[in-house]
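S.K.: Supplied structure: start15.csv, CSV, C-alpha atoms.
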chain,number,residue,atom,x,y,z
A,1,MET,CA,6.9,3.7,-17.7
A,2,PRO,CA,4.0,6.1,-16.9
A,3,ASN,CA,2.1,7.5,-19.9
A,4,ASN,CA,2.7,11.3,-19.8
A,5,ALA,CA,-0.2,11.9,-22.3
A,6,ARG,CA,-2.9,11.7,-19.6
A,7,PRO,CA,-3.3,12.9,-16.1
A,8,PRO,CA,-1.7,10.5,-13.6
A,9,LEU,CA,-3.4,8.9,-10.7
A,10,ILE,CA,-0.6,10.2,-8.4
A,11,GLU,CA,1.9,12.9,-9.1
A,12,LEU,CA,4.5,14.2,-6.7
A,13,CYS,CA,6.2,17.5,-7.7
A,14,ASP,CA,9.4,18.5,-5.9
A,15,ILE,CA,8.2,17.0,-2.6
A,16,THR,CA,10.3,17.5,0.6
A,17,ARG,CA,9.8,16.3,4.1
A,18,VAL,CA,12.0,17.8,6.7
A,19,TYR,CA,12.2,16.7,10.4
A,20,GLY,CA,13.7,18.7,13.2
A,21,MET,CA,15.4,22.2,13.1
A,22,GLY,CA,18.8,23.7,12.9
A,23,GLU,CA,21.6,21.2,13.3
A,24,ALA,CA,19.1,18.4,14.0
A,25,GLU,CA,17.3,19.0,10.7
A,26,VAL,CA,16.9,15.9,8.6
A,27,HIS,CA,15.7,15.9,4.9
A,28,ALA,CA,13.9,12.6,4.7
A,29,LEU,CA,12.6,13.6,1.3
A,30,ASP,CA,14.6,16.0,-0.8
A,31,GLY,CA,12.8,17.1,-4.1
A,32,VAL,CA,11.0,13.9,-5.0
A,33,THR,CA,9.2,14.1,-8.3
A,34,LEU,CA,7.3,11.1,-9.8
A,35,ARG,CA,4.1,9.9,-11.5
A,36,ILE,CA,2.2,6.8,-10.9
A,37,GLU,CA,-0.6,5.7,-13.2
A,38,THR,CA,-3.7,3.7,-12.5
A,39,GLY,CA,-3.0,0.0,-12.7
A,40,GLU,CA,0.7,0.2,-12.0
A,41,PHE,CA,2.6,-2.2,-9.6
A,42,VAL,CA,5.5,-0.1,-8.2
A,43,ALA,CA,8.2,-1.2,-5.9
A,44,ILE,CA,10.2,1.3,-3.9
A,45,MET,CA,13.6,0.3,-2.6
A,46,GLY,CA,16.7,1.9,-1.1
A,47,PRO,CA,19.2,1.6,1.8
A,48,SER,CA,18.2,2.4,5.3
A,49,GLY,CA,17.4,6.1,5.7
A,50,SER,CA,16.9,6.6,2.0
A,51,GLY,CA,13.4,8.0,2.5
A,52,LYS,CA,11.4,5.1,1.1
A,53,SER,CA,9.2,4.7,4.2
A,54,THR,CA,8.6,8.4,4.4
A,55,ALA,CA,7.6,8.4,0.7
A,56,LEU,CA,5.1,5.7,1.4
A,57,ASN,CA,3.7,7.7,4.4
A,58,VAL,CA,3.3,10.8,2.2
A,59,LEU,CA,1.7,8.8,-0.6
A,60,GLY,CA,-0.7,7.2,1.9
A,61,PHE,CA,-1.8,10.6,3.4
A,62,LEU,CA,-0.2,9.5,6.8
A,63,ASP,CA,2.3,12.4,6.7
A,64,ARG,CA,2.3,15.8,5.1
A,65,PRO,CA,5.1,17.0,3.0
A,66,THR,CA,7.0,20.1,4.1
A,67,SER,CA,6.9,21.6,0.6
A,68,GLY,CA,5.9,20.6,-2.9
A,69,ALA,CA,2.7,19.5,-4.6
A,70,TYR,CA,1.0,16.1,-4.2
A,71,ASN,CA,-1.7,15.6,-6.8
A,72,PHE,CA,-4.1,12.7,-6.4
A,73,HIS,CA,-6.7,12.5,-9.2
A,74,GLY,CA,-5.6,16.0,-10.2
A,75,THR,CA,-6.3,17.5,-6.8
A,76,ASP,CA,-3.5,18.9,-4.7
A,77,VAL,CA,-3.7,17.2,-1.4
A,78,ALA,CA,-0.4,18.2,0.1
A,79,ASN,CA,-1.9,20.8,2.4
A,80,LEU,CA,-5.0,19.0,3.6
A,81,ASN,CA,-5.7,18.8,7.3
A,82,ARG,CA,-5.7,15.6,9.4
A,83,ASP,CA,-9.4,14.9,9.0
A,84,GLN,CA,-9.4,15.5,5.2
A,85,ARG,CA,-6.4,13.1,4.8
A,86,ALA,CA,-8.2,10.5,6.9
A,87,LEU,CA,-11.3,10.8,4.7
A,88,LEU,CA,-9.1,10.2,1.6
A,89,ARG,CA,-7.4,7.2,3.2
A,90,ARG,CA,-10.8,5.7,4.1
A,91,ASN,CA,-12.3,6.1,0.7
A,92,TYR,CA,-9.4,5.5,-1.7
A,93,LEU,CA,-6.6,3.5,-0.1
A,94,GLY,CA,-5.9,0.1,1.4
A,95,PHE,CA,-2.9,-0.7,3.6
A,96,VAL,CA,-0.9,-3.9,4.1
A,97,PHE,CA,1.8,-3.9,6.8
A,98,GLN,CA,4.6,-6.2,7.7
A,99,GLY,CA,3.1,-7.0,11.1
A,100,TYR,CA,-0.4,-7.9,9.7
A,101,ASN,CA,-2.0,-5.8,12.5
A,102,LEU,CA,-4.9,-8.3,13.0
A,103,LEU,CA,-6.9,-8.2,16.2
A,104,PRO,CA,-6.2,-11.5,18.0
A,105,ARG,CA,-9.6,-12.0,19.5
A,106,MET,CA,-11.5,-11.5,16.2
A,107,SER,CA,-12.0,-14.0,13.4
A,108,ALA,CA,-10.6,-13.5,10.0
A,109,MET,CA,-14.0,-12.4,8.8
A,110,GLN,CA,-14.4,-9.9,11.6
A,111,ASN,CA,-10.9,-8.5,11.0
A,112,VAL,CA,-11.7,-7.9,7.4
A,113,GLU,CA,-15.0,-6.3,8.3
A,114,LEU,CA,-13.6,-3.9,10.9
A,115,PRO,CA,-12.6,-1.0,8.6
A,116,LEU,CA,-16.0,-1.2,6.9
A,117,ILE,CA,-17.7,-0.4,10.2
A,118,TYR,CA,-15.9,3.0,10.2
A,119,LYS,CA,-17.2,3.6,6.7
A,120,GLY,CA,-20.8,3.2,7.9
A,121,ILE,CA,-21.5,0.2,5.8
A,122,SER,CA,-24.4,-2.0,6.9
A,123,ARG,CA,-23.7,-5.4,8.5
A,124,SER,CA,-25.1,-7.4,5.6
A,125,ASP,CA,-23.0,-5.5,3.1
A,126,ARG,CA,-19.9,-5.7,5.3
A,127,GLU,CA,-20.3,-9.5,5.6
A,128,GLU,CA,-20.7,-9.8,1.8
A,129,ARG,CA,-17.6,-7.7,1.1
A,130,ALA,CA,-15.5,-9.6,3.6
A,131,ARG,CA,-16.6,-12.9,2.2
A,132,VAL,CA,-15.7,-11.9,-1.4
A,133,ALA,CA,-12.4,-10.4,-0.2
A,134,LEU,CA,-11.4,-13.6,1.6
A,135,GLU,CA,-12.4,-15.6,-1.5
A,136,LYS,CA,-10.0,-13.4,-3.6
A,137,VAL,CA,-7.1,-14.3,-1.3
A,138,GLY,CA,-7.9,-18.0,-1.1
A,139,LEU,CA,-9.2,-18.0,2.5
A,140,ALA,CA,-12.9,-18.7,2.0
A,141,GLY,CA,-12.6,-21.7,4.3
A,142,ARG,CA,-10.8,-19.8,7.1
A,143,ALA,CA,-13.3,-17.0,7.6
A,144,ASN,CA,-14.1,-18.1,11.2
A,145,HIS,CA,-10.5,-18.8,12.3
A,146,ASP,CA,-8.7,-16.5,14.7
A,147,PRO,CA,-5.3,-15.2,13.8
A,148,SER,CA,-3.7,-17.7,16.2
A,149,GLU,CA,-5.1,-20.5,14.1
A,150,LEU,CA,-3.6,-19.2,10.9
A,151,SER,CA,-0.1,-19.4,9.5
A,152,GLY,CA,1.9,-16.2,8.9
A,153,GLY,CA,1.1,-16.3,5.2
A,154,GLN,CA,-2.6,-16.8,5.9
A,155,GLN,CA,-2.5,-13.9,8.3
A,156,GLN,CA,-1.0,-11.7,5.7
A,157,ARG,CA,-3.7,-12.9,3.2
A,158,VAL,CA,-6.3,-11.8,5.8
A,159,ALA,CA,-4.6,-8.4,6.0
A,160,ILE,CA,-4.7,-8.1,2.2
A,161,ALA,CA,-8.4,-9.1,2.2
A,162,ARG,CA,-9.0,-6.4,4.8
A,163,ALA,CA,-7.3,-3.8,2.4
A,164,LEU,CA,-9.4,-5.1,-0.5
A,165,ALA,CA,-12.8,-5.1,1.3
A,166,GLY,CA,-12.9,-1.3,1.2
A,167,ASP,CA,-12.7,-1.3,-2.6
A,168,PRO,CA,-9.6,0.9,-2.7
A,169,GLN,CA,-8.1,2.5,-5.8
A,170,VAL,CA,-4.6,2.0,-4.4
A,171,VAL,CA,-3.0,-0.6,-2.1
A,172,LEU,CA,0.1,0.6,-0.2
A,173,ALA,CA,2.2,-2.3,1.1
A,174,ASP,CA,4.9,-1.7,3.6
A,175,GLU,CA,7.4,-4.7,3.7
A,176,PRO,CA,4.5,-7.2,3.1
A,177,THR,CA,6.8,-10.2,3.2
A,178,GLY,CA,9.2,-9.0,5.9
A,179,ASN,CA,7.9,-11.5,8.5
A,180,LEU,CA,7.6,-14.5,6.1
A,181,ASP,CA,9.9,-17.2,4.9
A,182,THR,CA,10.8,-17.5,1.2
A,183,LYS,CA,7.9,-19.9,0.3
A,184,LEU,CA,5.3,-17.8,2.0
A,185,SER,CA,6.8,-14.6,0.6
A,186,ILE,CA,6.5,-16.0,-3.0
A,187,GLU,CA,2.8,-16.9,-2.3
A,188,ILE,CA,2.0,-13.3,-1.1
A,189,MET,CA,3.9,-11.7,-4.0
A,190,GLU,CA,2.1,-13.9,-6.5
A,191,LEU,CA,-1.2,-12.9,-5.0
A,192,LEU,CA,-0.4,-9.2,-5.2
A,193,GLN,CA,0.8,-9.7,-8.8
A,194,ASN,CA,-2.4,-11.4,-9.7
A,195,LEU,CA,-4.5,-8.7,-8.1
A,196,ASN,CA,-2.6,-6.1,-10.1
A,197,LYS,CA,-2.8,-8.1,-13.4
A,198,ASP,CA,-6.3,-9.5,-13.2
A,199,GLU,CA,-8.2,-6.7,-11.4
A,200,GLY,CA,-6.1,-3.7,-12.4
A,201,LEU,CA,-5.4,-2.8,-8.8
A,202,THR,CA,-2.7,-0.1,-8.3
A,203,ILE,CA,-0.1,-1.3,-5.9
A,204,ILE,CA,2.8,0.6,-4.3
A,205,MET,CA,5.1,-1.5,-2.2
A,206,VAL,CA,8.1,-0.7,-0.1
A,207,THR,CA,10.6,-3.6,0.2
A,208,HIS,CA,14.2,-4.3,1.0
A,209,GLU,CA,14.2,-7.6,-0.9
A,210,ARG,CA,15.1,-7.4,-4.5
A,211,GLU,CA,13.6,-10.8,-5.2
A,212,MET,CA,10.2,-9.4,-4.1
A,213,ALA,CA,10.6,-6.1,-6.0
A,214,ASP,CA,11.0,-8.1,-9.2
A,215,TYR,CA,7.3,-9.1,-8.9
A,216,ALA,CA,6.5,-5.4,-9.5
A,217,ARG,CA,6.5,-3.9,-13.0
A,218,ARG,CA,8.4,-0.8,-12.0
A,219,LEU,CA,11.2,-0.2,-9.6
A,220,ILE,CA,12.0,3.2,-7.9
A,221,TRP,CA,15.4,3.3,-6.1
A,222,MET,CA,15.8,6.0,-3.5
A,223,VAL,CA,19.0,7.3,-2.0
A,224,ASP,CA,19.4,10.2,0.5
A,225,GLY,CA,15.7,11.3,0.1
A,226,LYS,CA,15.9,11.5,-3.7
A,227,VAL,CA,14.8,9.2,-6.6
A,228,ASP,CA,18.1,7.8,-7.8
A,229,SER,CA,16.6,5.7,-10.6
A,230,ASP,CA,13.1,4.8,-11.9
A,231,ARG,CA,12.9,2.0,-14.4
A,232,LEU,CA,10.8,-1.0,-15.5
A,233,THR,CA,11.6,-4.4,-14.1
A,234,ALA,CA,11.9,-7.4,-16.4
A,235,LYS,CA,8.2,-8.1,-15.9
A,236,GLY,CA,7.4,-4.5,-16.8
A,237,ALA,CA,9.5,-4.5,-19.9
A,238,ALA,CA,8.0,-7.9,-21.1
Do you think you could lay out the structure here as structure tokens?

M.R.:
Amino acid sequence: MPNNARPPLIELCDITRVYGMGEAEVHALDGVTLRIETGEFVAIMGPSGSGKSTALNVLGFLDRPTSGAYNFHGTDVANLNRDQRALLRRNYLGFVFQGYNLLPRMSAMQNVELPLIYKGISRSDREERARVALEKVGLAGRANHDPSELSGGQQQRVAIARALAGDPQVVLADEPTGNLDTKLSIEIMELLQNLNKDEGLTIIMVTHEREMADYARRLIWMVDGKVDSDRLTAKGAA
């Protein structure tokens, strides 16, 4: 569990997110409080409509809470404007999505480089970062292949490499194995697990598959917009 003796990387304090008004009002998040330390691997689960995806959007600065405090590195970011949130995402976060989100007419290398262009990184530095990131995910030999020439598992590895190339402090993964069969899902989860263990990368993952959540070290279960339970997995307790 998180160490309460030091400031956490992430701290949500009584966060709410309300959509709509009056009779149409929906409390997607309803008083969520949690801490996530640097180097944790956290899985978030819950039934449909539990708030897990909304929580990930708030954590990733993609959505603003209606109320409450969100401290990132000790700074309250809950009320930042759109441009400020975009700057934080660019500099601190990496994203991995269920659908890969690769551009079909660009090679694996070019897809990994793309976010670095928006960070103003030089071409030579971009190429080097992309090369290293593809090596980390075991795709050094597929750098010049287009997505159509790659398997689903390989495409997800490219998406993970793209997230890693920006040197993020946190990777947010939204159903990263949702489009993969069991064998490929295990490969992706073992990759994420190794990045967390060997490089100390902080990973926060939403999943509906308990078998995939067991690769994390901590499991947060959400129900009706609230944290219903927060405990270590078998790997976290080992």

S.K.: Can you list, as a PyMOL selection string, every protein, DNA or RNA residue that comes within 9 Å of stretch 216-233 of chain A when you count all atoms listed in the file, leaving out same-chain residues fewer than 2 positions away?

M.R.: chain A and resi 1+16-17+27-34+40-52+54-55+189+192-193+203-205+212-214+235-238

S.K.: Would you pick out the contacts of A:Gly152 at 12 Å or less, using all atoms listed in the file, so that residues sharing its chain but fewer than 2 positions from it are not included, and give the list as a VMD selection string?

M.R.: chain A and resid 98 to 102 147 to 150 154 to 159 176 to 185 187 to 188

S.K.: How many Å lie between atom CA of A:Ala143 and atom CA of A:Thr207, rounded to one decimal?

M.R.: 28.4 Å

S.K.: Could you tell me which of A:Glu127, A:Asp14, A:Asp198, A:Asp174 comes closest to A:Ala78 if we count only C-alpha atoms?

M.R.: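 For A:Ala78, the nearest of the given residues is A:Asp14.
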
S.K.: Find the residues near A:Ser107: any atom within 6 Å, counting all atoms listed in the file, skip ones fewer than 4 places away on the same chain, and give them as a ChimeraX atom specification.

M.R.: /A:144-146

S.K.: Could you pull the residues within 9 Å of A:Ala69, counting only C-alpha atoms, minus those fewer than 3 positions along the same chain, as a CSV table (one decimal) with C-alpha atoms, in the coordinates of the input?

M.R.:
chain,number,residue,atom,x,y,z
A,11,GLU,CA,1.9,12.9,-9.1
A,12,LEU,CA,4.5,14.2,-6.7
A,13,CYS,CA,6.2,17.5,-7.7
A,14,ASP,CA,9.4,18.5,-5.9
A,15,ILE,CA,8.2,17.0,-2.6
A,65,PRO,CA,5.1,17.0,3.0
A,76,ASP,CA,-3.5,18.9,-4.7
A,77,VAL,CA,-3.7,17.2,-1.4
A,78,ALA,CA,-0.4,18.2,0.1
A,79,ASN,CA,-1.9,20.8,2.4

S.K.: Residues at most 10 Å from A:Leu164, counting only C-alpha atoms, excluding those fewer than 6 positions away in the same chain, as a PyMOL selection string?

M.R.: chain A and resi 93-96+112+129-130+132-134+136-137+158+170-171+195+201

S.K.: Hey, can you check how far atom CA of A:Ile117 sits from atom CA of A:Ala165?

M.R.: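 Answer for the atom CA of A:Ile117 to atom CA of A:Ala165 separation: 11.2 Å.
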
S.K.: Calculated over all atoms listed in the file, which of the candidates A:Thr38, A:Ser53, A:Ser122, A:Asn71 has the smallest distance to A:Ala173?

M.R.: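 Using all atoms listed in the file, A:Ala173 sits closest to A:Ser53.
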
S.K.: What is the atom CA of A:Leu88 to atom CA of A:Asp125 distance in Å?

M.R.: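 Those two atoms sit 21.0 Å apart.
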